[in-house]
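Undergrad: The structure file protein-v9.cif (mmCIF, C-alpha atoms) is provided below.
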```cif
data_start
loop_
_atom_site.label_atom_id
_atom_site.label_comp_id
_atom_site.auth_asym_id
_atom_site.auth_seq_id
_atom_site.Cartn_x
_atom_site.Cartn_y
_atom_site.Cartn_z
CA MET A 1 2.02 -0.92 -31.22
CA SER A 2 0.32 0.28 -28.04
CA LYS A 3 1.01 -1.78 -24.92
CA LYS A 4 -1.92 -2.98 -22.84
CA TYR A 5 -2.24 -2.93 -19.05
CA ALA A 6 -5.09 -3.07 -16.53
CA VAL A 7 -6.07 -3.36 -12.90
CA ILE A 8 -8.14 -6.38 -11.85
CA GLY A 9 -10.38 -6.88 -8.83
CA HIS A 10 -13.92 -7.75 -7.74
CA PRO A 11 -15.92 -5.70 -7.22
CA ILE A 12 -13.95 -2.86 -8.75
CA GLY A 13 -15.67 0.45 -9.29
CA HIS A 14 -14.07 3.85 -8.79
CA THR A 15 -10.31 3.37 -8.79
CA MET A 16 -7.48 5.88 -9.08
CA SER A 17 -5.26 3.38 -10.89
CA PRO A 18 -6.05 4.42 -14.51
CA PHE A 19 -5.44 8.11 -13.75
CA ILE A 20 -2.11 7.45 -12.02
CA HIS A 21 -0.76 4.83 -14.42
CA LYS A 22 -1.73 6.71 -17.58
CA ARG A 23 0.17 9.74 -16.28
CA LEU A 24 3.22 7.59 -15.52
CA PHE A 25 3.18 6.14 -19.05
CA GLU A 26 2.99 9.68 -20.46
CA LEU A 27 5.89 10.87 -18.30
CA TYR A 28 8.11 8.04 -19.58
CA GLY A 29 6.95 8.35 -23.17
CA ILE A 30 5.33 4.93 -23.45
CA ASP A 31 2.34 4.40 -25.72
CA ALA A 32 0.04 2.31 -23.54
CA GLU A 33 -3.59 1.66 -22.68
CA TYR A 34 -4.69 1.01 -19.09
CA GLY A 35 -8.09 -0.49 -18.35
CA VAL A 36 -10.20 -1.76 -15.47
CA LEU A 37 -11.27 -5.42 -15.35
CA ASP A 38 -13.87 -6.71 -12.91
CA ILE A 39 -13.04 -10.42 -12.64
CA ASN A 40 -15.23 -12.67 -10.53
CA PRO A 41 -13.11 -15.09 -8.45
CA VAL A 42 -14.87 -18.07 -10.01
CA ASN A 43 -13.66 -16.92 -13.43
CA LEU A 44 -10.06 -16.08 -12.47
CA GLU A 45 -8.43 -19.11 -14.10
CA ARG A 46 -10.45 -18.74 -17.29
CA ASP A 47 -9.81 -15.01 -17.54
CA TYR A 48 -6.12 -15.48 -16.72
CA ASN A 49 -5.73 -17.72 -19.75
CA GLU A 50 -8.07 -15.80 -22.07
CA ILE A 51 -7.35 -12.18 -21.08
CA LEU A 52 -4.56 -11.58 -18.59
CA LYS A 53 -1.85 -13.54 -20.42
CA SER A 54 -2.36 -11.28 -23.44
CA LEU A 55 -1.62 -8.10 -21.44
CA ASP A 56 1.87 -6.64 -21.05
CA GLY A 57 1.21 -6.33 -17.33
CA TYR A 58 -1.48 -5.67 -14.75
CA ASN A 59 -2.17 -4.63 -11.18
CA ILE A 60 -4.21 -6.68 -8.74
CA THR A 61 -6.48 -5.68 -5.91
CA ILE A 62 -8.86 -7.55 -3.59
CA PRO A 63 -9.71 -10.44 -3.74
CA HIS A 64 -7.09 -11.79 -6.18
CA LYS A 65 -3.76 -10.94 -4.51
CA GLN A 66 -3.23 -14.49 -3.24
CA ALA A 67 -5.45 -16.39 -5.68
CA ILE A 68 -3.45 -15.27 -8.72
CA ILE A 69 -0.18 -16.83 -7.51
CA PRO A 70 -0.74 -20.47 -8.63
CA PHE A 71 -1.30 -19.33 -12.22
CA LEU A 72 1.94 -17.32 -12.51
CA ASP A 73 5.25 -18.65 -13.84
CA GLY A 74 7.15 -17.08 -10.93
CA ILE A 75 7.09 -14.49 -8.15
CA ASP A 76 9.91 -12.43 -6.63
CA SER A 77 11.33 -13.02 -3.14
CA LYS A 78 9.37 -10.26 -1.39
CA ALA A 79 6.06 -11.37 -2.92
CA LYS A 80 6.91 -14.89 -1.75
CA MET A 81 7.62 -13.65 1.78
CA TYR A 82 4.31 -11.81 1.94
CA GLY A 83 2.35 -14.45 0.05
CA SER A 84 0.75 -11.65 -1.94
CA VAL A 85 1.03 -10.23 -5.47
CA ASN A 86 -0.33 -6.88 -6.66
CA THR A 87 1.68 -6.45 -9.89
CA VAL A 88 2.36 -8.88 -12.74
CA SER A 89 4.67 -8.44 -15.71
CA ASN A 90 4.29 -10.54 -18.87
CA ASN A 91 7.59 -10.67 -20.75
CA ASP A 92 8.25 -13.14 -23.58
CA GLY A 93 5.50 -15.43 -22.38
CA PHE A 94 6.75 -15.48 -18.76
CA SER A 95 4.44 -14.06 -16.10
CA LYS A 96 6.11 -12.83 -12.89
CA GLY A 97 4.41 -11.48 -9.78
CA TYR A 98 5.57 -8.74 -7.43
CA THR A 99 4.27 -6.84 -4.44
CA THR A 100 4.79 -3.09 -4.59
CA ASP A 101 3.07 -2.37 -1.27
CA PRO A 102 6.28 -2.49 0.83
CA ASP A 103 8.33 -0.22 -1.43
CA GLY A 104 5.38 2.13 -1.87
CA PHE A 105 5.12 2.45 1.91
CA LEU A 106 8.84 3.07 2.38
CA LYS A 107 9.05 5.61 -0.46
CA ALA A 108 6.00 7.47 0.86
CA LEU A 109 7.68 7.84 4.25
CA GLU A 110 10.92 8.94 2.61
CA TYR A 111 9.02 11.47 0.47
CA ALA A 112 7.34 12.88 3.60
CA LYS A 113 10.59 12.83 5.61
CA ILE A 114 8.98 10.58 8.21
CA PRO A 115 11.70 8.52 9.92
CA ILE A 116 11.56 4.88 10.92
CA ASP A 117 13.43 5.17 14.18
CA GLY A 118 12.87 5.98 17.82
CA ARG A 119 9.55 4.77 19.20
CA VAL A 120 7.39 3.50 16.33
CA VAL A 121 3.73 2.56 16.82
CA ILE A 122 1.49 0.93 14.20
CA LEU A 123 -2.25 1.25 14.73
CA GLY A 124 -4.05 -1.95 13.72
CA CYS A 125 -2.92 -5.50 12.95
CA GLY A 126 -4.62 -6.35 9.64
CA GLY A 127 -3.18 -6.84 6.17
CA VAL A 128 -1.84 -3.30 5.71
CA ALA A 129 -0.33 -3.33 9.20
CA ARG A 130 1.34 -6.68 8.46
CA THR A 131 3.24 -5.25 5.47
CA MET A 132 4.30 -2.18 7.41
CA ALA A 133 5.37 -4.26 10.41
CA TYR A 134 7.71 -6.43 8.35
CA GLU A 135 9.30 -3.42 6.66
CA VAL A 136 9.93 -1.68 9.99
CA LEU A 137 11.45 -4.83 11.51
CA LEU A 138 13.57 -5.51 8.40
CA LYS A 139 15.20 -2.16 9.14
CA GLY A 140 16.08 -3.42 12.62
CA VAL A 141 13.66 -1.06 14.38
CA PRO A 142 11.49 -2.37 17.24
CA PHE A 143 7.86 -1.24 17.42
CA GLU A 144 4.48 -1.78 19.05
CA PHE A 145 1.11 -2.61 17.56
CA ALA A 146 -1.66 -0.54 19.17
CA ILE A 147 -4.93 -2.40 18.72
CA ARG A 148 -8.57 -2.64 19.76
CA ALA A 149 -9.14 -5.02 22.68
CA GLU A 150 -11.20 -7.32 20.46
CA ASP A 151 -8.23 -7.77 18.10
CA LYS A 152 -5.85 -9.30 20.68
CA GLU A 153 -6.08 -12.79 19.18
CA MET A 154 -5.35 -11.44 15.70
CA ALA A 155 -2.36 -9.46 17.01
CA GLU A 156 -0.95 -12.47 18.84
CA LYS A 157 -1.30 -14.62 15.72
CA LEU A 158 0.52 -12.02 13.60
CA ILE A 159 3.31 -11.60 16.15
CA SER A 160 3.72 -15.38 16.28
CA GLU A 161 4.05 -15.46 12.48
CA ILE A 162 6.62 -12.64 12.58
CA ASN A 163 8.64 -14.44 15.25
CA GLN A 164 8.75 -17.57 13.09
CA THR A 165 9.73 -15.63 9.95
CA LEU A 166 12.30 -13.09 11.15
CA ASP A 167 15.38 -13.48 13.32
CA ASN A 168 14.78 -12.07 16.82
CA PRO A 169 12.24 -9.35 15.93
CA LYS A 170 11.40 -6.89 18.70
CA VAL A 171 7.64 -6.47 18.46
CA SER A 172 4.89 -6.23 21.05
CA TYR A 173 1.32 -4.99 21.32
CA ILE A 174 -0.83 -2.86 23.59
CA THR A 175 -4.44 -1.79 23.38
CA ILE A 176 -5.13 1.72 22.08
CA PRO A 177 -6.43 3.00 25.46
CA GLU A 178 -3.10 1.90 27.00
CA LEU A 179 -1.09 3.96 24.51
CA SER A 180 0.80 6.76 26.24
CA GLY A 181 4.10 8.61 26.23
CA ASP A 182 6.15 10.16 23.44
CA ILE A 183 5.97 8.53 20.01
CA ASN A 184 8.42 9.39 17.25
CA THR A 185 6.43 7.85 14.39
CA LEU A 186 2.78 6.83 14.48
CA ILE A 187 1.43 4.85 11.51
CA ASN A 188 -2.30 4.34 11.03
CA ALA A 189 -3.03 1.06 9.28
CA THR A 190 -6.71 0.96 10.27
CA PRO A 191 -9.69 2.13 8.17
CA ILE A 192 -10.77 4.52 10.95
CA GLY A 193 -11.30 7.94 9.42
CA MET A 194 -11.84 6.67 5.88
CA SER A 195 -14.66 8.17 3.81
CA PRO A 196 -17.57 8.28 4.53
CA ASN A 197 -16.74 8.06 8.26
CA THR A 198 -14.50 11.11 8.19
CA ASP A 199 -15.35 12.31 11.72
CA SER A 200 -13.59 9.29 13.26
CA GLN A 201 -10.04 9.19 14.62
CA PRO A 202 -8.25 6.04 15.85
CA ILE A 203 -6.60 7.63 18.92
CA SER A 204 -7.46 10.50 21.25
CA ASP A 205 -6.30 14.09 20.81
CA ILE A 206 -4.24 13.74 24.00
CA GLN A 207 -2.41 10.69 22.61
CA LEU A 208 -1.91 12.40 19.25
CA LYS A 209 -0.20 15.40 20.82
CA LYS A 210 2.66 13.08 21.85
CA CYS A 211 3.39 12.06 18.22
CA ALA A 212 6.22 13.82 16.36
CA ASN A 213 5.50 12.18 12.97
CA VAL A 214 2.22 10.72 11.71
CA PHE A 215 1.51 8.67 8.58
CA ASP A 216 -2.02 7.60 7.65
CA ALA A 217 -2.39 4.94 4.94
CA ILE A 218 -5.88 6.26 4.13
CA TYR A 219 -6.01 8.42 1.00
CA ASN A 220 -9.76 9.13 0.87
CA PRO A 221 -10.21 11.72 2.28
CA LEU A 222 -6.86 13.23 1.38
CA GLU A 223 -6.48 14.51 4.92
CA THR A 224 -8.16 12.43 7.58
CA LYS A 225 -9.14 13.90 10.92
CA LEU A 226 -5.98 12.25 12.30
CA ILE A 227 -3.76 14.08 9.79
CA LYS A 228 -5.54 17.43 10.21
CA ASN A 229 -5.21 17.31 13.99
CA ALA A 230 -1.60 16.13 13.82
CA LYS A 231 -0.73 19.13 11.65
CA LYS A 232 -2.52 21.44 14.09
CA ASN A 233 -0.20 20.04 16.77
CA GLY A 234 2.82 20.90 14.64
CA SER A 235 3.58 17.26 13.83
CA ASN A 236 5.05 16.17 10.51
CA ALA A 237 2.07 14.38 8.96
CA GLU A 238 1.29 12.72 5.62
CA GLY A 239 -1.75 10.93 4.15
CA GLY A 240 -1.84 7.83 2.00
CA MET A 241 -2.07 9.32 -1.50
CA SER A 242 1.72 9.39 -1.84
CA MET A 243 1.85 5.69 -0.90
CA LEU A 244 -0.70 4.91 -3.62
CA VAL A 245 1.31 6.81 -6.23
CA TRP A 246 4.67 5.34 -5.21
CA GLN A 247 3.23 1.81 -5.38
CA ALA A 248 2.31 2.57 -8.99
CA VAL A 249 5.80 3.93 -9.68
CA VAL A 250 7.33 0.65 -8.48
CA SER A 251 4.94 -1.29 -10.76
CA HIS A 252 6.27 0.62 -13.76
CA TYR A 253 9.83 -0.24 -12.79
CA HIS A 254 8.90 -3.93 -12.87
CA TRP A 255 7.13 -3.52 -16.23
CA ASP A 256 9.71 -1.54 -18.19
CA LYS A 257 12.51 -0.46 -15.80
CA SER A 258 11.22 3.12 -15.97
CA THR A 259 12.42 5.62 -13.39
CA TYR A 260 11.00 9.03 -12.58
CA ASP A 261 12.09 12.40 -11.30
CA ALA A 262 10.98 13.03 -7.70
CA GLY A 263 9.55 16.39 -8.76
CA ASP A 264 7.33 14.71 -11.36
CA ILE A 265 6.04 12.25 -8.76
CA GLU A 266 5.36 15.05 -6.29
CA LYS A 267 3.29 16.85 -8.94
CA LEU A 268 1.48 13.60 -9.76
CA CYS A 269 0.57 13.20 -6.07
CA ILE A 270 -0.93 16.71 -6.12
CA ASP A 271 -2.80 16.08 -9.39
CA ALA A 272 -4.08 12.71 -8.14
CA ALA A 273 -5.33 14.48 -5.02
CA LYS A 274 -7.19 17.03 -7.19
CA GLU A 275 -8.65 14.22 -9.29
CA LEU A 276 -9.91 12.45 -6.17
CA MET A 277 -11.50 15.65 -4.87
CA SER A 278 -13.20 16.24 -8.23
CA ARG A 279 -14.85 12.83 -7.96
#
```
As structure tokens, how would this structure be written, given the file I've shared?
TA:
Amino acid sequence: MSKKYAVIGHPIGHTMSPFIHKRLFELYGIDAEYGVLDINPVNLERDYNEILKSLDGYNITIPHKQAIIPFLDGIDSKAKMYGSVNTVSNNDGFSKGYTTDPDGFLKALEYAKIPIDGRVVILGCGGVARTMAYEVLLKGVPFEFAIRAEDKEMAEKLISEINQTLDNPKVSYITIPELSGDINTLINATPIGMSPNTDSQPISDIQLKKCANVFDAIYNPLETKLIKNAKKNGSNAEGGMSMLVWQAVVSHYHWDKSTYDAGDIEKLCIDAAKELMSR
């Protein structure tokens, strides 16, 4: 009997999730369907009981990542730390929530051979930056947020939260115009450069030339202006498509303990990139 999975969100239009997850099911030899469910927040509880509980598992995007938690039977320790769930498994009537964002981020960096050491700078201080910040600090590596001047209050609030959660974290912030000097790893966690605003770049060309490694969480376009210019400089640079694919890989591990060959995942990243371009 075919297993049933889906991604839920609202609004949810063009998403790469079905393409990526269907390929992963095929690679592991699992007969499964994967759909897209647009669930209005006001109907989340009803649809959880009437639809979601009948699925074998599902992925979650905005705005349900926090709202889903009270309905679940349990969540794992990392999802609890982040207060966010993007993957749910339903096994024997027990629903458990996970967050695959952190592992997807770490595996994408590993795949691209981008180190988390030396001077690390994260651009932005929103939700994506928060996940990345915790993962960098959990590895014992200090870093700086580089932010817009108008985001100082948000950065200070996030740093205060981090200081209360982790033991002696070494984290600070500066504004983007103040950013200077050599940077080993630069991580863009802002939407600057995302389609349709592809002519934008979060830092200057002069600042970018000082960066040895660059990771951009944006996957549309496949290569942002930041990534293109970093490569022109000879930097090791990677866009966000690999992070999207690796997040999906981790979801499948939680669903059925499936594991994949790195070569298969590399090819899936390439095929997902082609699929995105064709759209």
Undergrad: Could you state which residues are captured by the PyMOL selection byres ((chain A and resi 97-105) around 6) in this file, as a PyMOL selection string?
TA: chain A and resi 75-76+79+85-88+96+106-108+243+246-247+250
Undergrad: Distance atom CA of Arg148 of chain A-atom CA of Gly127 of chain A, one decimal place?
TA: 15.2 Å
Undergrad: Measuring atom to atom with all atoms listed in the file, identify which of A:Arg119, A:Lys157, A:His254, A:His64 is nearest to Lys210 of chain A.
TA: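 For Lys210 of chain A, the nearest of the given residues is A:Arg119.
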Undergrad: Tell me which of A:Asn184, A:Thr15, A:Ser195, A:Thr131 sits closest to Ile162 of chain A, counting only C-alpha atoms.
TA: A:Thr131
Undergrad: I need the residue nearest Leu179 of chain A from this list: A:Val121, A:Ile218, A:Ile270, A:Ala133. Use all atoms listed in the file for the distance.
TA: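 Closest to Leu179 of chain A of all the choices is A:Val121.
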Undergrad: Up to 12 Å from (-10.3, -4.3, -6.2) in the file's coordinates: name the residues, counting all atoms listed in the file, as a short mmCIF file (atom, residue, chain, number, x, y, z; two decimals) with C-alpha atoms, in the coordinates of the input.
TA:
```cif
data_model
loop_
_atom_site.label_atom_id
_atom_site.label_comp_id
_atom_site.auth_asym_id
_atom_site.auth_seq_id
_atom_site.Cartn_x
_atom_site.Cartn_y
_atom_site.Cartn_z
CA ALA A 6 -5.09 -3.07 -16.53
CA VAL A 7 -6.07 -3.36 -12.90
CA ILE A 8 -8.14 -6.38 -11.85
CA GLY A 9 -10.38 -6.88 -8.83
CA HIS A 10 -13.92 -7.75 -7.74
CA PRO A 11 -15.92 -5.70 -7.22
CA ILE A 12 -13.95 -2.86 -8.75
CA GLY A 13 -15.67 0.45 -9.29
CA HIS A 14 -14.07 3.85 -8.79
CA THR A 15 -10.31 3.37 -8.79
CA MET A 16 -7.48 5.88 -9.08
CA SER A 17 -5.26 3.38 -10.89
CA VAL A 36 -10.20 -1.76 -15.47
CA LEU A 37 -11.27 -5.42 -15.35
CA ASP A 38 -13.87 -6.71 -12.91
CA ILE A 39 -13.04 -10.42 -12.64
CA ASN A 40 -15.23 -12.67 -10.53
CA PRO A 41 -13.11 -15.09 -8.45
CA ASN A 59 -2.17 -4.63 -11.18
CA ILE A 60 -4.21 -6.68 -8.74
CA THR A 61 -6.48 -5.68 -5.91
CA ILE A 62 -8.86 -7.55 -3.59
CA PRO A 63 -9.71 -10.44 -3.74
CA HIS A 64 -7.09 -11.79 -6.18
CA LYS A 65 -3.76 -10.94 -4.51
CA ASN A 86 -0.33 -6.88 -6.66
#
```
Undergrad: Is there a way to get, as a PyMOL selection string, all residues within 12 Å of the point (2.2, 5.8, 5.1) in file coordinates, counting all atoms listed in the file?
TA: chain A and resi 101-116+122-123+128-129+131-133+135-136+185-190+213-219+227+237-247
Undergrad: Considering only C-alpha atoms, state which residue in the set A:Asp167, A:Glu144, A:Asp205, A:Asp271 is at the smallest distance from Gly118 of chain A.
TA: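 The answer is A:Glu144, which sits nearest to Gly118 of chain A.
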Undergrad: Please write as a ChimeraX atom specification the full residue list that the PyMOL selection byres ((chain A and resi 57) around 6) yields on this file.
TA: /A:5,55-56,58,88-90
Undergrad: Can you tell me which residues surround Asn168 of chain A at a distance of at most 10 Å, considering only C-alpha atoms, apart from same-chain residues fewer than 4 positions away, and format the answer as a PyMOL selection string?
TA: chain A and resi 137+140+162-164
Undergrad: Work out how far apart atom CA of Glu156 of chain A and atom CA of Lys80 of chain A are and give it in Å to one decimal.
TA: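 So the answer is 22.2 Å.
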Undergrad: Looking at A:Pro142, A:Gly234, A:Pro196, A:Pro191, which one is nearest to Val171 of chain A, with distances taken over only C-alpha atoms?
TA: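 The shortest atom-to-atom distance to Val171 of chain A comes from A:Pro142.
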Undergrad: Which residue, A:Ala230, A:Cys269, A:Ser204, A:Gly193, has the smallest gap to Glu178 of chain A when you use all atoms listed in the file?
TA: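 Between A:Ala230, A:Cys269, A:Ser204, A:Gly193, the residue approaching Glu178 of chain A most closely is A:Ser204.
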Undergrad: Separation of atom CA of Asp261 of chain A and atom CA of Ala248 of chain A, in Å?
TA: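 Separation between atom CA of Asp261 of chain A and atom CA of Ala248 of chain A: 14.1 Å.
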Undergrad: Output the residue selection produced by the PyMOL selection byres ((chain A and resi 177) around 12) on the file above, formatted as a list in words.
TA: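 Evaluating the PyMOL selection byres ((chain A and resi 177) around 12) on these coordinates yields Leu123, Ala146, Ile147, Arg148, Ala149, Tyr173, Ile174, Thr175, Ile176, Glu178, Leu179, Ser180, Gly181, Pro202, Ile203, Ser204, Ile206 and Gln207 of chain A.
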